[in-house]
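*Asks:* Please find structure29.txt (compact mmCIF, C-alpha atoms and all ligand atoms) on the next line:
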# COMPACT_ATOMS: atom_id res chain seq x y z
CA MET A 60 -49.56 68.84 -4.77
CA ASN A 61 -46.18 67.14 -4.97
CA THR A 62 -43.09 69.19 -5.74
CA PRO A 63 -41.83 67.34 -8.80
CA LYS A 64 -39.01 68.11 -11.15
CA ILE A 65 -40.00 68.40 -14.81
CA LEU A 66 -37.54 68.08 -17.67
CA VAL A 67 -38.40 70.82 -20.21
CA SER A 68 -37.26 71.42 -23.76
CA ALA A 69 -34.98 74.41 -23.32
CA CYS A 70 -36.45 76.20 -26.35
CA LEU A 71 -39.87 76.30 -24.66
CA LEU A 72 -38.32 78.42 -21.91
CA GLY A 73 -36.91 80.93 -24.37
CA CYS A 74 -33.46 79.43 -24.83
CA PRO A 75 -32.36 79.95 -28.47
CA ALA A 76 -31.44 76.29 -28.87
CA ARG A 77 -33.35 75.41 -32.04
CA TYR A 78 -31.68 74.38 -35.28
CA ASP A 79 -32.38 77.88 -36.66
CA GLY A 80 -30.98 79.63 -33.58
CA GLN A 81 -34.44 80.63 -32.40
CA SER A 82 -36.54 79.66 -29.39
CA LYS A 83 -40.21 78.72 -29.03
CA PRO A 84 -41.16 80.31 -25.74
CA VAL A 85 -44.46 79.28 -24.22
CA ASN A 86 -46.34 81.99 -22.40
CA HIS A 87 -48.38 79.96 -19.96
CA PRO A 88 -48.92 81.02 -16.34
CA LEU A 89 -48.44 77.49 -15.03
CA LEU A 90 -45.07 77.18 -16.73
CA GLN A 91 -44.00 80.50 -15.30
CA ARG A 92 -45.09 79.44 -11.84
CA TRP A 93 -43.29 76.10 -12.03
CA HIS A 94 -40.18 77.89 -13.27
CA ALA A 95 -40.34 80.30 -10.33
CA ASN A 96 -40.81 77.31 -8.00
CA GLY A 97 -37.62 75.76 -9.32
CA TRP A 98 -39.39 72.68 -10.64
CA LEU A 99 -38.15 72.93 -14.22
CA VAL A 100 -34.95 71.41 -15.57
CA PRO A 101 -34.24 72.96 -19.01
CA TYR A 102 -32.53 70.63 -21.44
CA CYS A 103 -31.80 70.52 -25.17
CA PRO A 104 -30.87 67.03 -26.33
CA GLU A 105 -29.46 68.18 -29.65
CA GLN A 106 -27.09 70.64 -28.02
CA ALA A 107 -26.23 68.09 -25.33
CA GLY A 108 -25.48 65.58 -28.06
CA GLY A 109 -22.81 67.90 -29.39
CA LEU A 110 -24.59 69.57 -32.31
CA PRO A 111 -23.95 73.28 -32.92
CA THR A 112 -26.55 76.05 -32.93
CA PRO A 113 -27.62 76.96 -35.50
CA ARG A 114 -27.41 73.61 -37.27
CA PRO A 115 -28.94 72.03 -40.35
CA ALA A 116 -32.53 70.83 -39.97
CA ALA A 117 -32.73 67.07 -39.48
CA GLU A 118 -35.57 64.58 -39.78
CA ILE A 119 -36.04 60.94 -38.80
CA GLN A 120 -36.03 58.56 -41.75
CA GLN A 121 -38.09 55.42 -42.24
CA ASP A 122 -35.11 53.28 -41.24
CA GLY A 123 -34.76 55.17 -37.94
CA ARG A 124 -31.66 57.15 -38.83
CA VAL A 125 -31.65 60.93 -38.38
CA MET A 126 -30.41 62.76 -41.45
CA THR A 127 -29.94 66.41 -42.34
CA GLY A 128 -31.45 67.77 -45.53
CA GLU A 129 -27.94 67.63 -47.03
CA GLY A 130 -27.71 63.90 -46.34
CA LYS A 131 -25.45 63.91 -43.28
CA ASP A 132 -26.16 61.16 -40.75
CA VAL A 133 -26.51 62.77 -37.30
CA THR A 134 -28.08 59.78 -35.57
CA SER A 135 -25.25 59.31 -33.06
CA ALA A 136 -25.54 62.89 -31.77
CA PHE A 137 -29.31 62.48 -31.36
CA LEU A 138 -28.83 59.21 -29.49
CA LYS A 139 -26.17 60.75 -27.25
CA GLY A 140 -28.49 63.62 -26.35
CA ALA A 141 -31.30 61.19 -25.59
CA GLU A 142 -29.12 58.99 -23.40
CA GLN A 143 -27.89 62.01 -21.45
CA ALA A 144 -31.50 63.13 -20.97
CA LEU A 145 -32.34 59.74 -19.51
CA ALA A 146 -29.29 59.83 -17.24
CA LEU A 147 -30.29 63.30 -16.01
CA CYS A 148 -33.84 62.13 -15.29
CA GLN A 149 -32.59 59.11 -13.41
CA GLN A 150 -30.07 61.15 -11.39
CA GLN A 151 -32.66 63.77 -10.43
CA LYS A 152 -35.59 61.34 -10.14
CA ILE A 153 -37.50 63.22 -12.83
CA LYS A 154 -40.71 61.43 -13.81
CA TYR A 155 -42.26 64.05 -16.12
CA ALA A 156 -41.07 65.80 -19.25
CA LEU A 157 -42.60 68.70 -21.15
CA LEU A 158 -41.21 68.45 -24.64
CA LYS A 159 -41.56 70.49 -27.82
CA GLU A 160 -43.94 68.82 -30.25
CA SER A 161 -42.81 67.78 -33.76
CA SER A 162 -39.06 67.95 -33.05
CA PRO A 163 -36.99 64.94 -34.18
CA SER A 164 -35.68 64.83 -30.61
CA CYS A 165 -38.53 66.11 -28.48
CA GLY A 166 -41.74 65.37 -30.45
CA SER A 167 -44.10 63.09 -28.55
CA HIS A 168 -47.08 62.75 -30.91
CA ASP A 169 -45.88 63.84 -34.33
CA ILE A 170 -42.66 64.42 -36.23
CA TYR A 171 -41.80 65.50 -39.77
CA ASP A 172 -41.97 62.74 -42.33
CA GLY A 173 -38.29 62.61 -43.25
CA GLN A 174 -38.72 64.14 -46.69
CA PHE A 175 -38.08 67.78 -45.70
CA ARG A 176 -41.35 68.92 -47.24
CA GLY A 177 -43.05 70.23 -44.09
CA ARG A 178 -45.41 67.29 -43.65
CA LYS A 179 -45.98 65.73 -40.25
CA ILE A 180 -46.74 62.14 -39.42
CA GLN A 181 -47.55 60.34 -36.21
CA GLY A 182 -44.34 59.50 -34.37
CA GLU A 183 -41.90 60.31 -31.60
CA GLY A 184 -38.56 62.05 -31.46
CA ILE A 185 -35.47 60.15 -30.34
CA THR A 186 -35.35 61.58 -26.81
CA ALA A 187 -39.10 61.42 -26.24
CA HIS A 188 -39.10 57.77 -27.30
CA LEU A 189 -36.24 56.79 -24.97
CA LEU A 190 -37.66 58.62 -21.96
CA LYS A 191 -41.12 57.15 -22.52
CA ALA A 192 -39.63 53.65 -22.80
CA HIS A 193 -38.16 54.18 -19.32
CA GLY A 194 -41.43 55.21 -17.73
CA ILE A 195 -41.11 58.98 -17.89
CA ARG A 196 -44.43 60.62 -18.75
CA ILE A 197 -44.15 62.93 -21.71
CA PHE A 198 -46.35 65.96 -22.34
CA SER A 199 -46.18 68.41 -25.22
CA GLU A 200 -46.46 72.17 -24.89
CA GLN A 201 -50.13 71.80 -25.83
CA GLN A 202 -50.66 69.60 -22.77
CA ILE A 203 -49.54 71.88 -19.94
CA ASP A 204 -53.00 71.82 -18.36
CA GLU A 205 -53.04 68.03 -18.60
CA LEU A 206 -49.64 67.87 -16.90
CA PHE A 207 -51.00 70.13 -14.16
CA THR A 208 -53.91 67.74 -13.63
CA THR A 209 -51.52 64.80 -13.45
CA LEU A 210 -49.40 66.55 -10.83
CA SER A 211 -52.38 67.56 -8.69
S1 LIG A 301 -33.91 69.49 -29.51
FE1 LIG A 301 -35.73 69.84 -28.26
S2 LIG A 301 -35.03 71.35 -26.73
FE2 LIG A 301 -33.53 71.37 -28.38
S3 LIG A 301 -34.23 73.03 -29.69
FE3 LIG A 301 -35.10 71.12 -30.51
S4 LIG A 301 -37.12 70.97 -29.58
FE4 LIG A 301 -35.97 72.48 -28.41
For the file at hand, write its structure as structure tokens.
Ligand code: SF4
*Replies:*
Amino acid sequence: MNTPKILVSACLLGCPARYDGQSKPVNHPLLQRWHANGWLVPYCPEQAGGLPTPRPAAEIQQDGRVMTGEGKDVTSAFLKGAEQALALCQQQKIKYALLKESSPSCGSHDIYDGQFRGRKIQGEGITAHLLKAHGIRIFSEQQIDELFTTLS
């Protein structure tokens, strides 16, 4: 197997980076092994974009902007975090990312519908979309075994 670097949503590794100040740790033996091997590069695009933790929940709107539930436009911070993620991947030659599903930054298959009513729709977060557009393969936390197969 190669010894790749994998960009990982920091919250999946137990970092309390989420909007609510919590984490979403994934207890998977492969992830633990990769972490011990030094393959993982933890990253939170929303924190990197300058947003505080905790912070208001935000969702992507139909026009592409990212808004909080209180109506504040936070698109520029989301874009900044995404661009820094891409720069990090390019600097470190990272070709794979394991990103938290459903997040407006990290979601790779579904996101919330923009109405703040807990409904998901098919779509990608801002960072996942930018990385994918630049050839980085994105996997969600439900696809760790698939990522393993890809690396093998
Ligand atoms: S932006 Fe991504 S890494 Fe940061 S807390 Fe949300 S899902 Fe996790």
*Asks:* All residues within 9 Å of ligand LIG 301 (chain A) are required, counting all atoms listed in the file; please report them as a ChimeraX atom specification.
*Replies:* /A:67-71,74-83,101-107,112,137,140,158-166,184,186
*Asks:* Looking at all atoms listed in the file, which of A:Ile153, A:Ile185, A:Ile65, A:Ala192 is the one that sits closest to Asn96 of chain A?
*Replies:*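 Comparing A:Ile153, A:Ile185, A:Ile65, A:Ala192 against Asn96 of chain A, the winner is A:Ile65.
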*Asks:* Suppose you want the space between atom CA of Leu157 of chain A and atom CA of Leu110 of chain A; what is it in Å?
*Replies:* 21.2 Å
*Asks:* For atom CA of Leu90 of chain A and atom CA of Lys179 of chain A, quote the distance in Å rounded to one decimal.
*Replies:*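 Between these atoms lies a distance of 26.2 Å.
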*Asks:* So that I can check the surroundings of Ala116 of chain A, please list as an MDAnalysis selection string every protein, DNA and RNA residue that reaches within 7 Å of it, counting all atoms listed in the file and ignoring chain neighbours fewer than 2 positions away.
*Replies:* chainID A and resid 78 114 118 127:128
*Asks:* Smallest atom-to-atom distance to Tyr171 of chain A: which of A:Ala156, A:Val100, A:Leu89, A:Ala117, using all atoms listed in the file?
*Replies:*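 Closest residue, counting all atoms listed in the file: A:Ala117.
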*Asks:* Can you tell me how far atom CA of Lys154 of chain A sits from atom CA of Ser167 of chain A, in Å to one decimal?
*Replies:* 15.2 Å
*Asks:* Taking into account only C-alpha atoms, which residue in the set A:Val133, A:Cys148, A:Pro63, A:Gln121 is nearest to Lys191 of chain A?
*Replies:*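 Residue with the minimum atom-to-atom distance to Lys191 of chain A: A:Cys148.
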*Asks:* Give the answer as one residue: which of A:Leu72, A:Leu190, A:Ile119, A:Ala95 has the shortest atom-to-atom distance to Tyr155 of chain A, using only C-alpha atoms?
*Replies:*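 When distances to Tyr155 of chain A are compared using only C-alpha atoms, the smallest one comes from A:Leu190.
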*Asks:* Looking at A:Gln120, A:Ala146, A:Asn86, A:Pro113, which one is nearest to Ile195 of chain A, with distances taken over only C-alpha atoms?
*Replies:*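 Looking at the shortest contact to Ile195 of chain A, the residue is A:Ala146.
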*Asks:* N, CA, C and O atoms are needed for segment 110-127 of chain A; please write them out as a compact mmCIF listing (two decimals), keeping the file's coordinate frame.
*Replies:*
# COMPACT_ATOMS: atom_id res chain seq x y z
N LEU A 110 -24.31 68.85 -31.06
CA LEU A 110 -24.59 69.57 -32.31
C LEU A 110 -24.51 71.07 -32.07
O LEU A 110 -24.87 71.55 -30.99
N PRO A 111 -24.06 71.82 -33.07
CA PRO A 111 -23.95 73.28 -32.92
C PRO A 111 -25.32 73.96 -33.08
O PRO A 111 -26.28 73.34 -33.53
N THR A 112 -25.36 75.22 -32.71
CA THR A 112 -26.55 76.05 -32.93
C THR A 112 -26.10 77.35 -33.57
O THR A 112 -25.23 78.02 -33.00
N PRO A 113 -26.64 77.73 -34.72
CA PRO A 113 -27.62 76.96 -35.50
C PRO A 113 -26.99 75.73 -36.14
O PRO A 113 -25.76 75.58 -36.15
N ARG A 114 -27.84 74.87 -36.66
CA ARG A 114 -27.41 73.61 -37.27
C ARG A 114 -28.40 73.25 -38.39
O ARG A 114 -29.53 73.76 -38.39
N PRO A 115 -28.00 72.40 -39.29
CA PRO A 115 -28.94 72.03 -40.35
C PRO A 115 -30.16 71.31 -39.79
O PRO A 115 -30.04 70.55 -38.82
N ALA A 116 -31.32 71.56 -40.37
CA ALA A 116 -32.53 70.83 -39.97
C ALA A 116 -32.32 69.34 -40.22
O ALA A 116 -31.66 68.95 -41.19
N ALA A 117 -32.85 68.52 -39.33
CA ALA A 117 -32.73 67.07 -39.48
C ALA A 117 -34.10 66.43 -39.27
O ALA A 117 -34.94 66.97 -38.55
N GLU A 118 -34.31 65.31 -39.93
CA GLU A 118 -35.57 64.58 -39.78
C GLU A 118 -35.29 63.08 -39.67
O GLU A 118 -34.30 62.59 -40.23
N ILE A 119 -36.17 62.39 -38.97
CA ILE A 119 -36.04 60.94 -38.80
C ILE A 119 -36.52 60.25 -40.08
O ILE A 119 -37.59 60.57 -40.61
N GLN A 120 -35.70 59.29 -40.53
CA GLN A 120 -36.03 58.56 -41.75
C GLN A 120 -36.79 57.28 -41.42
O GLN A 120 -36.87 56.87 -40.27
N GLN A 121 -37.32 56.65 -42.44
CA GLN A 121 -38.09 55.42 -42.24
C GLN A 121 -37.27 54.32 -41.59
O GLN A 121 -37.80 53.49 -40.86
N ASP A 122 -35.95 54.32 -41.83
CA ASP A 122 -35.11 53.28 -41.24
C ASP A 122 -34.64 53.64 -39.83
O ASP A 122 -33.86 52.89 -39.23
N GLY A 123 -35.10 54.78 -39.31
CA GLY A 123 -34.76 55.17 -37.94
C GLY A 123 -33.57 56.09 -37.82
O GLY A 123 -33.33 56.67 -36.76
N ARG A 124 -32.79 56.23 -38.90
CA ARG A 124 -31.66 57.15 -38.83
C ARG A 124 -32.17 58.59 -38.84
O ARG A 124 -33.27 58.87 -39.33
N VAL A 125 -31.34 59.51 -38.33
CA VAL A 125 -31.65 60.93 -38.38
C VAL A 125 -30.68 61.57 -39.37
O VAL A 125 -29.46 61.46 -39.20
N MET A 126 -31.24 62.19 -40.39
CA MET A 126 -30.41 62.76 -41.45
C MET A 126 -30.72 64.24 -41.61
O MET A 126 -31.86 64.68 -41.43
N THR A 127 -29.69 65.02 -41.98
CA THR A 127 -29.94 66.41 -42.34
C THR A 127 -30.46 66.45 -43.78
O THR A 127 -30.36 65.46 -44.52
